[in-house]
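Here's the structure, in structure tokens; my notes come after.
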Amino acid sequence: MADEHEATDAFKNRCTNAARTLESCISYFIERVSLDESNEDRKDNTPDIWLCEGPRTPDVVVSLSNLYSVRPWEPRLGFSFIDGISLVHLPKLPLPWPTEAVGRLDRSENLPELVWLRIAGPIEVDAVAATVTVYQAQSDDAASVLQ
């Protein structure tokens with residue numbers, strides 16, 4: 001069984017790894033944004049953001065779940081370039097949040113560790129969730145090799 005310190009670092013490390021993957025997406029476009037709003041509980045809504053650059057680079061999909069906050073965007077704009085992208089780990093109390101996240105949500109002892117995704121460009125994505133998954137497709141070179 002992992003100790004509590006390792007469990008806490010696991011989510012922080014997952015966020016850091018996802019942020020590193022997304023750093024390479026600054027030249028990408030938002031191909032599509034979908035928000036599954038089929039559940040009455042807003043936390044069960046799941047935004048998925050498809051990022052692409054071109055046929056020679058791997059596509060990336062960012063999926064958030066256990067949503068705590070999402071600022072509206074217009075998902076029907078079509079391709080939209082990315083001016084900036086960040087994914088920030090927001091720790092539980094008593095650890096402080098980064099200055100730009102203070103006031104984003106009401107913090108309490110019951111609030112878990114969270115992740116804050118921001119994408120700037122013609123389509124703005126600003127969401128806070130308890131779970132993030134970043135999928136990256138294989139590059140053309142890797143996909144062309146028979147395993």
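Each chain of the structure tokens is named A, B, ... in the order shown, its residues numbered from 1; ligands are numbered from 1 in display order.
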Q | Distance query Arg20 of chain A at most 10 Å, only C-alpha atoms, self and fewer than 5 positions along chain excluded, as a PyMOL selection string | A | chain A and resi 14-15+25+86-87
For the residues in that selection, give me all heavy atoms as a short mmCIF file (atom, residue, chain, number, x, y, z; two decimals), in the first residue's frame.
```cif
data_model
loop_
_atom_site.label_atom_id
_atom_site.label_comp_id
_atom_site.auth_asym_id
_atom_site.auth_seq_id
_atom_site.Cartn_x
_atom_site.Cartn_y
_atom_site.Cartn_z
N ARG A 14 0.78 13.48 -12.20
CA ARG A 14 -0.07 13.28 -13.37
C ARG A 14 -0.36 14.62 -14.04
O ARG A 14 -0.32 14.75 -15.27
CB ARG A 14 -1.37 12.59 -12.95
CG ARG A 14 -2.25 12.17 -14.11
CD ARG A 14 -3.48 11.39 -13.68
NE ARG A 14 -3.15 10.30 -12.76
CZ ARG A 14 -3.69 10.17 -11.54
NH1 ARG A 14 -4.58 11.03 -11.11
NH2 ARG A 14 -3.35 9.16 -10.77
N CYS A 15 -0.65 15.63 -13.23
CA CYS A 15 -0.91 16.98 -13.76
C CYS A 15 0.33 17.55 -14.44
O CYS A 15 0.25 18.14 -15.52
CB CYS A 15 -1.37 17.91 -12.65
SG CYS A 15 -2.99 17.53 -11.98
N CYS A 25 1.74 21.77 -27.62
CA CYS A 25 0.53 22.01 -28.44
C CYS A 25 0.29 23.49 -28.73
O CYS A 25 -0.76 23.84 -29.26
CB CYS A 25 -0.69 21.41 -27.75
SG CYS A 25 -0.61 19.62 -27.58
N SER A 86 -2.31 26.10 -20.72
CA SER A 86 -1.69 25.74 -19.44
C SER A 86 -2.58 24.77 -18.68
O SER A 86 -3.80 24.80 -18.82
CB SER A 86 -1.43 26.98 -18.59
OG SER A 86 -2.64 27.56 -18.15
N LEU A 87 -1.94 23.93 -17.93
CA LEU A 87 -2.63 22.99 -17.06
C LEU A 87 -1.92 23.08 -15.71
O LEU A 87 -0.71 22.86 -15.63
CB LEU A 87 -2.54 21.58 -17.64
CG LEU A 87 -3.44 20.58 -16.93
CD1 LEU A 87 -4.19 19.74 -17.95
CD2 LEU A 87 -2.64 19.69 -16.02
#
```
Excluding segment 116-131 of chain A and any residue of its chain fewer than 3 positions from it, enumerate the residues within 7 Å of it, using only C-alpha atoms, and give them as a short mmCIF file (atom, residue, chain, number, x, y, z; two decimals) with N, CA, C and O atoms, in the first residue's frame.
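Saved the output as out-v2.cif:
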```cif
data_model
loop_
_atom_site.label_atom_id
_atom_site.label_comp_id
_atom_site.auth_asym_id
_atom_site.auth_seq_id
_atom_site.Cartn_x
_atom_site.Cartn_y
_atom_site.Cartn_z
N LEU A 64 -11.54 16.06 -19.36
CA LEU A 64 -11.70 16.43 -17.96
C LEU A 64 -12.97 15.78 -17.42
O LEU A 64 -13.97 15.71 -18.12
N SER A 65 -12.92 15.33 -16.18
CA SER A 65 -14.14 14.81 -15.56
C SER A 65 -14.17 15.24 -14.10
O SER A 65 -13.19 15.76 -13.58
N ASN A 66 -15.31 15.00 -13.46
CA ASN A 66 -15.55 15.52 -12.11
C ASN A 66 -15.33 17.03 -12.12
O ASN A 66 -14.50 17.57 -11.41
N LEU A 67 -16.09 17.68 -12.96
CA LEU A 67 -15.96 19.10 -13.23
C LEU A 67 -16.45 19.95 -12.06
O LEU A 67 -17.52 19.71 -11.52
N TYR A 68 -15.66 20.95 -11.68
CA TYR A 68 -16.04 21.87 -10.62
C TYR A 68 -16.40 23.24 -11.16
O TYR A 68 -17.17 23.98 -10.57
N SER A 69 -15.82 23.59 -12.29
CA SER A 69 -16.08 24.89 -12.89
C SER A 69 -15.72 24.83 -14.36
O SER A 69 -14.72 24.23 -14.74
N VAL A 70 -16.55 25.46 -15.17
CA VAL A 70 -16.22 25.63 -16.59
C VAL A 70 -16.82 26.95 -17.02
O VAL A 70 -17.97 27.25 -16.72
N ARG A 71 -16.00 27.74 -17.65
CA ARG A 71 -16.50 29.01 -18.16
C ARG A 71 -16.93 28.77 -19.59
O ARG A 71 -16.29 28.01 -20.32
N TRP A 73 -17.77 28.58 -23.49
CA TRP A 73 -17.09 28.83 -24.74
C TRP A 73 -18.05 28.49 -25.85
O TRP A 73 -19.06 27.85 -25.64
N GLU A 74 -17.72 28.90 -27.04
CA GLU A 74 -18.56 28.61 -28.21
C GLU A 74 -17.99 27.41 -28.93
O GLU A 74 -17.01 27.52 -29.67
N SER A 80 -9.72 26.47 -34.48
CA SER A 80 -9.33 27.67 -33.77
C SER A 80 -7.90 27.50 -33.28
O SER A 80 -7.59 26.54 -32.58
N PHE A 81 -7.02 28.44 -33.64
CA PHE A 81 -5.63 28.32 -33.21
C PHE A 81 -5.49 28.55 -31.71
O PHE A 81 -6.35 29.17 -31.09
N ILE A 82 -4.40 28.05 -31.16
CA ILE A 82 -4.13 28.16 -29.73
C ILE A 82 -3.05 29.21 -29.51
O ILE A 82 -1.93 29.08 -30.01
N ASP A 83 -3.40 30.27 -28.78
CA ASP A 83 -2.43 31.31 -28.43
C ASP A 83 -1.64 30.93 -27.17
O ASP A 83 -0.50 31.32 -27.01
N GLY A 84 -2.27 30.20 -26.27
CA GLY A 84 -1.62 29.79 -25.04
C GLY A 84 -2.37 28.62 -24.43
O GLY A 84 -3.58 28.49 -24.61
N ILE A 85 -1.65 27.78 -23.71
CA ILE A 85 -2.28 26.63 -23.08
C ILE A 85 -1.54 26.34 -21.77
O ILE A 85 -0.31 26.40 -21.72
N SER A 86 -2.31 26.10 -20.72
CA SER A 86 -1.69 25.74 -19.44
C SER A 86 -2.58 24.77 -18.68
O SER A 86 -3.80 24.80 -18.82
N LEU A 87 -1.94 23.93 -17.93
CA LEU A 87 -2.63 22.99 -17.06
C LEU A 87 -1.92 23.08 -15.71
O LEU A 87 -0.71 22.86 -15.63
N VAL A 88 -2.66 23.45 -14.67
CA VAL A 88 -2.07 23.75 -13.37
C VAL A 88 -2.69 22.86 -12.29
O VAL A 88 -3.92 22.75 -12.21
N HIS A 89 -1.85 22.26 -11.48
CA HIS A 89 -2.28 21.47 -10.33
C HIS A 89 -2.72 22.42 -9.22
O HIS A 89 -2.03 23.39 -8.90
N GLU A 113 -7.88 17.69 -4.48
CA GLU A 113 -6.90 18.25 -5.41
C GLU A 113 -7.60 18.42 -6.76
O GLU A 113 -8.42 17.58 -7.14
#
```
**Q.** DSSP strand (DSSP E) residues within segment 2-134 of chain A, as a ChimeraX atom specification
**A.** /A:29-36,46-52,60-71,80-81,84-90,114-120,125-134
Can I get the selection written as a short mmCIF file (atom, residue, chain, number, x, y, z; two decimals), in the first residue's frame, with N, CA and C atoms?
```cif
data_model
loop_
_atom_site.label_atom_id
_atom_site.label_comp_id
_atom_site.auth_asym_id
_atom_site.auth_seq_id
_atom_site.Cartn_x
_atom_site.Cartn_y
_atom_site.Cartn_z
N PHE A 29 -4.20 23.54 -33.26
CA PHE A 29 -5.52 24.14 -33.38
C PHE A 29 -6.49 23.33 -32.54
N ILE A 30 -7.52 23.98 -32.05
CA ILE A 30 -8.62 23.24 -31.44
C ILE A 30 -9.50 22.79 -32.59
N GLU A 31 -9.55 21.50 -32.77
CA GLU A 31 -10.36 20.94 -33.85
C GLU A 31 -11.82 20.84 -33.44
N ARG A 32 -12.02 20.46 -32.16
CA ARG A 32 -13.39 20.22 -31.69
C ARG A 32 -13.42 20.30 -30.17
N VAL A 33 -14.52 20.80 -29.65
CA VAL A 33 -14.77 20.80 -28.21
C VAL A 33 -16.15 20.21 -27.99
N SER A 34 -16.23 19.26 -27.08
CA SER A 34 -17.55 18.72 -26.76
C SER A 34 -17.71 18.74 -25.25
N LEU A 35 -18.93 18.97 -24.83
CA LEU A 35 -19.26 18.96 -23.41
C LEU A 35 -20.47 18.07 -23.24
N ASP A 36 -20.26 16.93 -22.60
CA ASP A 36 -21.36 16.01 -22.32
C ASP A 36 -22.13 16.55 -21.13
N THR A 46 -18.56 16.23 -18.81
CA THR A 46 -17.20 15.91 -19.24
C THR A 46 -16.85 16.69 -20.50
N PRO A 47 -15.98 17.70 -20.39
CA PRO A 47 -15.50 18.36 -21.61
C PRO A 47 -14.32 17.61 -22.21
N ASP A 48 -14.34 17.44 -23.52
CA ASP A 48 -13.25 16.84 -24.26
C ASP A 48 -12.82 17.84 -25.32
N ILE A 49 -11.50 18.06 -25.43
CA ILE A 49 -10.97 19.04 -26.36
C ILE A 49 -9.98 18.31 -27.28
N TRP A 50 -10.25 18.33 -28.59
CA TRP A 50 -9.39 17.68 -29.58
C TRP A 50 -8.46 18.74 -30.16
N LEU A 51 -7.15 18.47 -30.08
CA LEU A 51 -6.13 19.38 -30.59
C LEU A 51 -5.40 18.71 -31.74
N CYS A 52 -5.16 19.47 -32.81
CA CYS A 52 -4.41 18.92 -33.95
C CYS A 52 -3.52 19.99 -34.53
N VAL A 60 -3.89 15.32 -30.10
CA VAL A 60 -3.97 15.23 -28.64
C VAL A 60 -5.42 15.48 -28.23
N VAL A 61 -5.90 14.68 -27.29
CA VAL A 61 -7.24 14.88 -26.73
C VAL A 61 -7.09 15.10 -25.23
N VAL A 62 -7.70 16.17 -24.74
CA VAL A 62 -7.72 16.47 -23.31
C VAL A 62 -9.14 16.19 -22.82
N SER A 63 -9.24 15.32 -21.82
CA SER A 63 -10.54 14.97 -21.26
C SER A 63 -10.54 15.31 -19.77
N LEU A 64 -11.54 16.06 -19.36
CA LEU A 64 -11.70 16.43 -17.96
C LEU A 64 -12.97 15.78 -17.42
N SER A 65 -12.92 15.33 -16.18
CA SER A 65 -14.14 14.81 -15.56
C SER A 65 -14.17 15.24 -14.10
N ASN A 66 -15.31 15.00 -13.46
CA ASN A 66 -15.55 15.52 -12.11
C ASN A 66 -15.33 17.03 -12.12
N LEU A 67 -16.09 17.68 -12.96
CA LEU A 67 -15.96 19.10 -13.23
C LEU A 67 -16.45 19.95 -12.06
N TYR A 68 -15.66 20.95 -11.68
CA TYR A 68 -16.04 21.87 -10.62
C TYR A 68 -16.40 23.24 -11.16
N SER A 69 -15.82 23.59 -12.29
CA SER A 69 -16.08 24.89 -12.89
C SER A 69 -15.72 24.83 -14.36
N VAL A 70 -16.55 25.46 -15.17
CA VAL A 70 -16.22 25.63 -16.59
C VAL A 70 -16.82 26.95 -17.02
N ARG A 71 -16.00 27.74 -17.65
CA ARG A 71 -16.50 29.01 -18.16
C ARG A 71 -16.93 28.77 -19.59
N SER A 80 -9.72 26.47 -34.48
CA SER A 80 -9.33 27.67 -33.77
C SER A 80 -7.90 27.50 -33.28
N PHE A 81 -7.02 28.44 -33.64
CA PHE A 81 -5.63 28.32 -33.21
C PHE A 81 -5.49 28.55 -31.71
N GLY A 84 -2.27 30.20 -26.27
CA GLY A 84 -1.62 29.79 -25.04
C GLY A 84 -2.37 28.62 -24.43
N ILE A 85 -1.65 27.78 -23.71
CA ILE A 85 -2.28 26.63 -23.08
C ILE A 85 -1.54 26.34 -21.77
N SER A 86 -2.31 26.10 -20.72
CA SER A 86 -1.69 25.74 -19.44
C SER A 86 -2.58 24.77 -18.68
N LEU A 87 -1.94 23.93 -17.93
CA LEU A 87 -2.63 22.99 -17.06
C LEU A 87 -1.92 23.08 -15.71
N VAL A 88 -2.66 23.45 -14.67
CA VAL A 88 -2.07 23.75 -13.37
C VAL A 88 -2.69 22.86 -12.29
N HIS A 89 -1.85 22.26 -11.48
CA HIS A 89 -2.28 21.47 -10.33
C HIS A 89 -2.72 22.42 -9.22
N LEU A 90 -3.90 22.17 -8.66
CA LEU A 90 -4.42 22.96 -7.53
C LEU A 90 -4.52 22.03 -6.32
N LEU A 114 -7.26 19.48 -7.45
CA LEU A 114 -7.91 19.77 -8.72
C LEU A 114 -6.88 20.10 -9.79
N VAL A 115 -7.35 20.18 -11.00
CA VAL A 115 -6.53 20.58 -12.13
C VAL A 115 -7.27 21.71 -12.85
N TRP A 116 -6.52 22.71 -13.30
CA TRP A 116 -7.10 23.87 -13.96
C TRP A 116 -6.52 23.95 -15.37
N LEU A 117 -7.38 23.79 -16.36
CA LEU A 117 -6.99 23.86 -17.77
C LEU A 117 -7.44 25.20 -18.35
N ARG A 118 -6.49 25.87 -18.98
CA ARG A 118 -6.81 27.12 -19.68
C ARG A 118 -6.22 27.07 -21.08
N ILE A 119 -7.05 27.38 -22.06
CA ILE A 119 -6.59 27.49 -23.44
C ILE A 119 -7.04 28.85 -23.94
N ALA A 120 -6.08 29.65 -24.44
CA ALA A 120 -6.39 30.98 -24.94
C ALA A 120 -6.34 30.97 -26.47
N VAL A 125 -10.99 28.12 -23.41
CA VAL A 125 -11.37 27.02 -22.52
C VAL A 125 -10.82 27.34 -21.15
N ASP A 126 -11.66 27.29 -20.14
CA ASP A 126 -11.26 27.57 -18.77
C ASP A 126 -12.07 26.65 -17.88
N ALA A 127 -11.43 25.58 -17.39
CA ALA A 127 -12.16 24.57 -16.64
C ALA A 127 -11.34 24.05 -15.47
N VAL A 128 -12.03 23.75 -14.37
CA VAL A 128 -11.41 23.16 -13.19
C VAL A 128 -12.10 21.83 -12.94
N ALA A 129 -11.29 20.76 -12.78
CA ALA A 129 -11.83 19.42 -12.62
C ALA A 129 -10.97 18.62 -11.65
N ALA A 130 -11.51 17.49 -11.22
CA ALA A 130 -10.77 16.60 -10.32
C ALA A 130 -9.99 15.54 -11.07
N THR A 131 -10.27 15.36 -12.35
CA THR A 131 -9.59 14.34 -13.14
C THR A 131 -9.23 14.90 -14.51
N VAL A 132 -8.02 14.61 -14.95
CA VAL A 132 -7.60 14.99 -16.29
C VAL A 132 -6.93 13.79 -16.94
N THR A 133 -7.23 13.60 -18.21
CA THR A 133 -6.57 12.58 -19.00
C THR A 133 -6.16 13.22 -20.31
N VAL A 134 -4.91 13.03 -20.67
CA VAL A 134 -4.40 13.55 -21.95
C VAL A 134 -3.99 12.35 -22.79
#
```
(Q) Could you tell me how far atom CA of Leu93 of chain A sits from atom CA of Thr21 of chain A, in Å to one decimal place? (A)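 Going from atom CA of Thr21 of chain A over to atom CA of Leu93 of chain A covers 26.9 Å.
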(Q) I'd like the interatomic distance between atom CA of Thr57 of chain A and atom CA of Asn17 of chain A, to a tenth of an Å. (A)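 Value for the atom CA of Thr57 of chain A-atom CA of Asn17 of chain A distance: 18.9 Å.
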Q) Residues at most 10 Å from Gly54 of chain A, counting only C-alpha atoms, excluding those fewer than 4 positions away in the same chain, as a ChimeraX atom specification? A) /A:27-29,58-59
Q) Within 9 Å of Ser108 of chain A, counting only C-alpha atoms, which residues qualify if same-chain residues fewer than 2 places away don't, as a PyMOL selection string? A) chain A and resi 92-93+106+110-112
